[in-house]
Amino acid sequence: MRALRAGGGPDGGILSPETEGCARPEREFAFLPLGPRATLPPVSDTGKPVKAPPEDPPETKSGKSAGPPGEKPVDAKGGKAAETMTESAPGAAASAPSAGTADARANGAAAGERTNGEQIEILDAQGPSTLDLELDLTSQQKIAVDRSLPVERRVEAFEDIVESDVGDTSLSRARNLEREIGLRQIYLKFEGDNPTGTQKDRIAFIQARDALRRGYDTITVATCGNYGAAVALAASLSGLRCVVYVPETYHTRRQQEIEQLGAAIVRVPTDYEGAVALSQERAAKDEFYDANPGGANTSLQLRAYGEIAYEIYDELRDAPAAVAVPVSNGTTLAGIYRGFLSLYRRGRTSRFPRMIAGSSARKNPIVNAWEKALERCEDLDPKRIHETSINEPLINWRSLDGDHALEAVRRTLGWAGGASDKEMTRLSRMIREKQGHNVLPASTAGFAVLLEHHARASLPGDRYVVVLTGRKS
């Protein structure tokens with residue numbers, strides 16, 4: 001995950017010290033530029049330069065005289081010209097060695113340069129190769145899953161994996177969408193850059209690390225698909241066992257992926273909310289790590305999603321006018337809000353973005369509470385929640401972190417709304433055609449609500465961020 005970069009003003013510039021009132025010199029002086037070990041020419045009593053006597057040409061390591069510049073070196077013993085080849089930096093002329101280069105030779109030798117007359121090869125600022133980095137991550141994975149090693153070492157190795165693979169997703173301006181829609185400065189925060197293609201990897205990996213650190217050997221979660229795949233991958237890379245509860249009526253395309261990652265799937269005759277309850281009961285009974293939303297580890301999940309806010313700030317150097325997020329349980333939106341809250345309290349941003357929540361129309365308690373001006377989220381009637389292949393990631397009759405998300409929307413003067421399957425499908429196709437991102441249709445729900453508001457009352461020219469989830473091909 002990306003660390004917050006300090007410094008700079010809200011517009012991305014570097015804050016400079018005040019210069020008014022500083023004393024200025026009465027006259028300016030011209031300085032003669034001196035190269036390394038250069039000396040001023042001698043001057044006579046009359047002030048005129050005195051021509052310095054010629055110096056004996058220095059000898060090279062092979063005993064040959066360097067001679068005047070531009071001429072071939074001469075053998076000090078026989079006076080015979082010697083053919084040599086030298087390499088210099090691009091654009092620079094090859095220079096003859098001088099008496100003052102002994103230190104340079106010593107430094108060059110210490111840095112690994114060849115000084116035995118062979119062709120010199122200088123690798124300036126050469127970093128580790130991609131292969132070296134891949135091998136290093138592979139070795140870290142082996143350490144993280146090795147249960148015979150101390151926990152501290154395994155945690156350290158797994159942290160390297162998290163830092164390398166999770167988060168730091170792209171934020172790009174969608175100019176083609178802007179022209180199509182008529183709204184300037186739309187930025188797409190594409191969470192499809194994560195290992196399993198969704199923002200769920202952020203909380204899955206951070207909780208796997210927490211479970212490993214606290215001595216758990218098994219992690220459990222209930223899922224409709226995406227979160228289960230993320231937790232299964234994190235568990236496989238950290239050496240944890242994984243137990244995933246899936247409602248038997250759900251036939252997610254990611255079930256095979258979850259099984260291939262070594263997780264045990266428990267199909268239960270209930271809906272998603274019931275699967276969460278069963279997973280939590282199993283965690284309490286068998287001392288599994290509970291990675292479900294709305295549980296004891298909610299604060300850790302919110303902190304992980306807060307990284308999205310830090311990454312947005314890192315690119316824009318201030319808060320945008322609004323951030324549109326798809327919501328189901330509400331954890332992602334609540335976490336992004338917490339991240340911007342931290343930035344604002346520390347004086348990093350000049351304002352707070354409006355948080356916009358989008359979900360499937362009439363199938364989410366957060367949107368329902370907003371539209372009906374309820375103080376808190378209330379459970380919906382499960383019988384009135386109808387699942388489709390499009391809205392499945394969004395629908396809930398109970399939003400486990402809904403109150404956190406509802407508070408975020410209200411405190412930032414944002415808004416919430418529902419989107420139809422048809423509209424979400426249309427927007428996902430438009431994003432793919434105009435911007436090249438293959439996004440999950442359900443992840444465009446926040447974008448749909450933003451555009452609906454813009455159609456009713458034109459939004460001012462500003463910066464608007466849309467959080468999107470990748471779609472597995």
# chains A, B, ... in the order shown; residues from 1 in each chain; ligands from 1
$ residues_around --residues "stretch 228-232 of chain A" --least-positions-apart "5" --cutoff "7 Å" --atoms "only C-alpha atoms" --output "list in words"
Thr196, Lys200, Asp201, Ala204, Val221, Ala222, Thr223, Cys242, Val244, Arg254, Glu257, Ile258, Leu261 and Ala263 of chain A
$ write_last_selection --atoms "C-alpha atoms" --output "compact mmCIF listing (two decimals), in the first residue's frame"
# COMPACT_ATOMS: atom_id res chain seq x y z
CA THR A 196 -8.34 -10.13 -7.67
CA LYS A 200 -11.84 -6.12 -1.39
CA ASP A 201 -8.17 -7.08 -1.63
CA ALA A 204 -8.59 -9.07 2.85
CA VAL A 221 -15.77 -14.99 5.87
CA ALA A 222 -19.17 -15.08 4.17
CA THR A 223 -19.32 -13.98 0.57
CA CYS A 242 -9.59 -20.26 4.89
CA VAL A 244 -15.73 -19.38 3.10
CA ARG A 254 -15.71 -17.02 -8.57
CA GLU A 257 -11.35 -19.57 -8.14
CA ILE A 258 -11.93 -19.70 -4.37
CA LEU A 261 -6.83 -21.08 -3.93
CA ALA A 263 -10.20 -22.40 0.63
$ select_by_dssp --residues "stretch 182-397 of chain A" --states "helix (DSSP H, G or I)" --output "MDAnalysis selection string"
chainID A and resid 191:193 200:213 226:238 255:260 272:286 298:316 331:345 365:371 382:384
$ write_last_selection --atoms "C-alpha atoms" --output "mmCIF file, in the first residue's frame"
data_model
loop_
_atom_site.group_PDB
_atom_site.id
_atom_site.type_symbol
_atom_site.label_atom_id
_atom_site.label_comp_id
_atom_site.auth_asym_id
_atom_site.auth_seq_id
_atom_site.Cartn_x
_atom_site.Cartn_y
_atom_site.Cartn_z
ATOM 1 C CA GLU A 191 -9.659 -0.743 -8.198
ATOM 2 C CA GLY A 192 -9.336 -3.415 -10.866
ATOM 3 C CA ASP A 193 -5.567 -2.993 -10.514
ATOM 4 C CA LYS A 200 -11.843 -6.117 -1.386
ATOM 5 C CA ASP A 201 -8.168 -7.084 -1.627
ATOM 6 C CA ARG A 202 -7.323 -4.110 0.580
ATOM 7 C CA ILE A 203 -9.236 -5.398 3.596
ATOM 8 C CA ALA A 204 -8.587 -9.069 2.848
ATOM 9 C CA PHE A 205 -4.806 -8.691 2.916
ATOM 10 C CA ILE A 206 -4.718 -6.310 5.881
ATOM 11 C CA GLN A 207 -6.833 -8.756 7.914
ATOM 12 C CA ALA A 208 -4.755 -11.756 6.868
ATOM 13 C CA ARG A 209 -1.713 -9.896 8.176
ATOM 14 C CA ASP A 210 -3.572 -9.100 11.396
ATOM 15 C CA ALA A 211 -4.618 -12.736 11.790
ATOM 16 C CA LEU A 212 -1.065 -13.927 11.221
ATOM 17 C CA ARG A 213 0.331 -11.407 13.693
ATOM 18 C CA ASN A 226 -15.573 -11.053 -4.774
ATOM 19 C CA TYR A 227 -14.699 -10.827 -1.092
ATOM 20 C CA GLY A 228 -14.348 -14.590 -0.790
ATOM 21 C CA ALA A 229 -11.848 -14.651 -3.667
ATOM 22 C CA ALA A 230 -9.853 -11.841 -2.063
ATOM 23 C CA VAL A 231 -9.716 -13.505 1.372
ATOM 24 C CA ALA A 232 -8.872 -16.885 -0.176
ATOM 25 C CA LEU A 233 -5.926 -15.363 -2.054
ATOM 26 C CA ALA A 234 -4.653 -13.498 1.012
ATOM 27 C CA ALA A 235 -4.913 -16.664 3.106
ATOM 28 C CA SER A 236 -3.046 -18.740 0.521
ATOM 29 C CA LEU A 237 -0.159 -16.252 0.501
ATOM 30 C CA SER A 238 0.039 -16.005 4.287
ATOM 31 C CA GLN A 255 -16.467 -20.180 -6.599
ATOM 32 C CA GLN A 256 -14.030 -22.214 -8.679
ATOM 33 C CA GLU A 257 -11.347 -19.565 -8.139
ATOM 34 C CA ILE A 258 -11.928 -19.697 -4.368
ATOM 35 C CA GLU A 259 -11.542 -23.478 -4.349
ATOM 36 C CA GLN A 260 -8.416 -23.380 -6.508
ATOM 37 C CA TYR A 272 -26.004 -13.602 2.554
ATOM 38 C CA GLU A 273 -26.893 -12.048 5.892
ATOM 39 C CA GLY A 274 -27.554 -15.508 7.322
ATOM 40 C CA ALA A 275 -24.226 -16.765 5.952
ATOM 41 C CA VAL A 276 -22.451 -13.908 7.731
ATOM 42 C CA ALA A 277 -24.085 -14.912 11.018
ATOM 43 C CA LEU A 278 -23.054 -18.555 10.590
ATOM 44 C CA SER A 279 -19.478 -17.571 9.727
ATOM 45 C CA GLN A 280 -19.285 -15.376 12.807
ATOM 46 C CA GLU A 281 -20.639 -18.157 15.010
ATOM 47 C CA ARG A 282 -18.012 -20.551 13.639
ATOM 48 C CA ALA A 283 -15.296 -17.971 14.301
ATOM 49 C CA ALA A 284 -16.328 -17.625 17.941
ATOM 50 C CA LYS A 285 -16.668 -21.382 18.435
ATOM 51 C CA ASP A 286 -13.460 -22.580 16.758
ATOM 52 C CA THR A 298 -14.504 -3.062 11.386
ATOM 53 C CA SER A 299 -12.067 -0.310 12.411
ATOM 54 C CA LEU A 300 -9.227 -2.172 10.675
ATOM 55 C CA GLN A 301 -11.321 -2.484 7.516
ATOM 56 C CA LEU A 302 -12.181 1.222 7.533
ATOM 57 C CA ARG A 303 -8.512 2.088 7.936
ATOM 58 C CA ALA A 304 -7.601 -0.107 4.976
ATOM 59 C CA TYR A 305 -10.174 1.571 2.744
ATOM 60 C CA GLY A 306 -8.913 4.932 3.972
ATOM 61 C CA GLU A 307 -5.830 4.292 1.839
ATOM 62 C CA ILE A 308 -7.987 5.058 -1.219
ATOM 63 C CA ALA A 309 -8.419 8.625 0.050
ATOM 64 C CA TYR A 310 -4.664 8.982 0.605
ATOM 65 C CA GLU A 311 -3.963 7.776 -2.932
ATOM 66 C CA ILE A 312 -6.465 10.234 -4.401
ATOM 67 C CA TYR A 313 -4.840 13.044 -2.430
ATOM 68 C CA ASP A 314 -1.423 11.884 -3.591
ATOM 69 C CA GLU A 315 -2.460 12.469 -7.208
ATOM 70 C CA LEU A 316 -4.673 15.568 -6.912
ATOM 71 C CA THR A 331 -17.690 -0.258 4.346
ATOM 72 C CA THR A 332 -15.801 1.098 1.318
ATOM 73 C CA LEU A 333 -17.517 4.491 1.362
ATOM 74 C CA ALA A 334 -17.177 4.823 5.137
ATOM 75 C CA GLY A 335 -13.466 4.006 4.943
ATOM 76 C CA ILE A 336 -12.795 6.547 2.177
ATOM 77 C CA TYR A 337 -14.613 9.153 4.274
ATOM 78 C CA ARG A 338 -12.438 8.335 7.282
ATOM 79 C CA GLY A 339 -9.334 8.771 5.126
ATOM 80 C CA PHE A 340 -10.366 12.225 3.938
ATOM 81 C CA LEU A 341 -11.357 13.137 7.494
ATOM 82 C CA SER A 342 -7.817 12.352 8.635
ATOM 83 C CA LEU A 343 -6.329 14.387 5.775
ATOM 84 C CA TYR A 344 -8.524 17.380 6.523
ATOM 85 C CA ARG A 345 -7.813 17.332 10.258
ATOM 86 C CA PRO A 365 -30.799 0.102 3.365
ATOM 87 C CA ILE A 366 -28.316 3.005 3.029
ATOM 88 C CA VAL A 367 -30.088 4.454 0.005
ATOM 89 C CA ASN A 368 -33.456 3.742 1.593
ATOM 90 C CA ALA A 369 -32.504 5.607 4.783
ATOM 91 C CA TRP A 370 -31.234 8.579 2.789
ATOM 92 C CA GLU A 371 -34.288 8.847 0.577
ATOM 93 C CA PRO A 382 -35.893 -9.845 2.373
ATOM 94 C CA LYS A 383 -38.833 -11.073 0.279
ATOM 95 C CA ARG A 384 -38.792 -7.851 -1.710
#
$ residues_around --residues "A:Ala445" --least-positions-apart "2" --cutoff "7 Å" --atoms "only C-alpha atoms" --output "count of residues only"
10
$ closest_atom_pairs --of "stretch 179-234 of chain A" --to "stretch 455-471 of chain A" --cutoff "7 Å" --atoms "only C-alpha atoms" --output "CSV"
residue,atom,partner,partner_atom,distance
A:Arg184,CA,A:Gly461,CA,5.8
A:Gln185,CA,A:Arg463,CA,4.9
A:Ile186,CA,A:Tyr464,CA,5.0
A:Tyr187,CA,A:Val465,CA,4.7
A:Leu188,CA,A:Val466,CA,5.0
A:Lys189,CA,A:Val467,CA,4.8
A:Phe190,CA,A:Leu468,CA,5.1
A:Glu191,CA,A:Thr469,CA,5.0
A:Gly192,CA,A:Gly470,CA,3.6
A:Gly197,CA,A:Gly470,CA,4.7
A:Thr198,CA,A:Thr469,CA,5.0
A:Gln199,CA,A:Thr469,CA,6.8
$ residues_around --residues "stretch 135-145 of chain A" --least-positions-apart "5" --cutoff "6 Å" --atoms "only C-alpha atoms" --output "PyMOL selection string"
chain A and resi 154+157-158+238-239
$ closest_residue --among "A:Ser428, A:Ser328, A:Gln435, A:Ser360" --to "A:Arg398" --atoms "only C-alpha atoms"
A:Ser328
$ residues_around --residues "A:Tyr250" --least-positions-apart "5" --cutoff "9 Å" --atoms "only C-alpha atoms" --output "list in words"
Cys224, Gly225, Asp271 and Tyr272 of chain A
$ atom_distance --atom1 "atom CA of A:Pro320" --atom2 "atom CA of A:Arg351"
8.2 Å
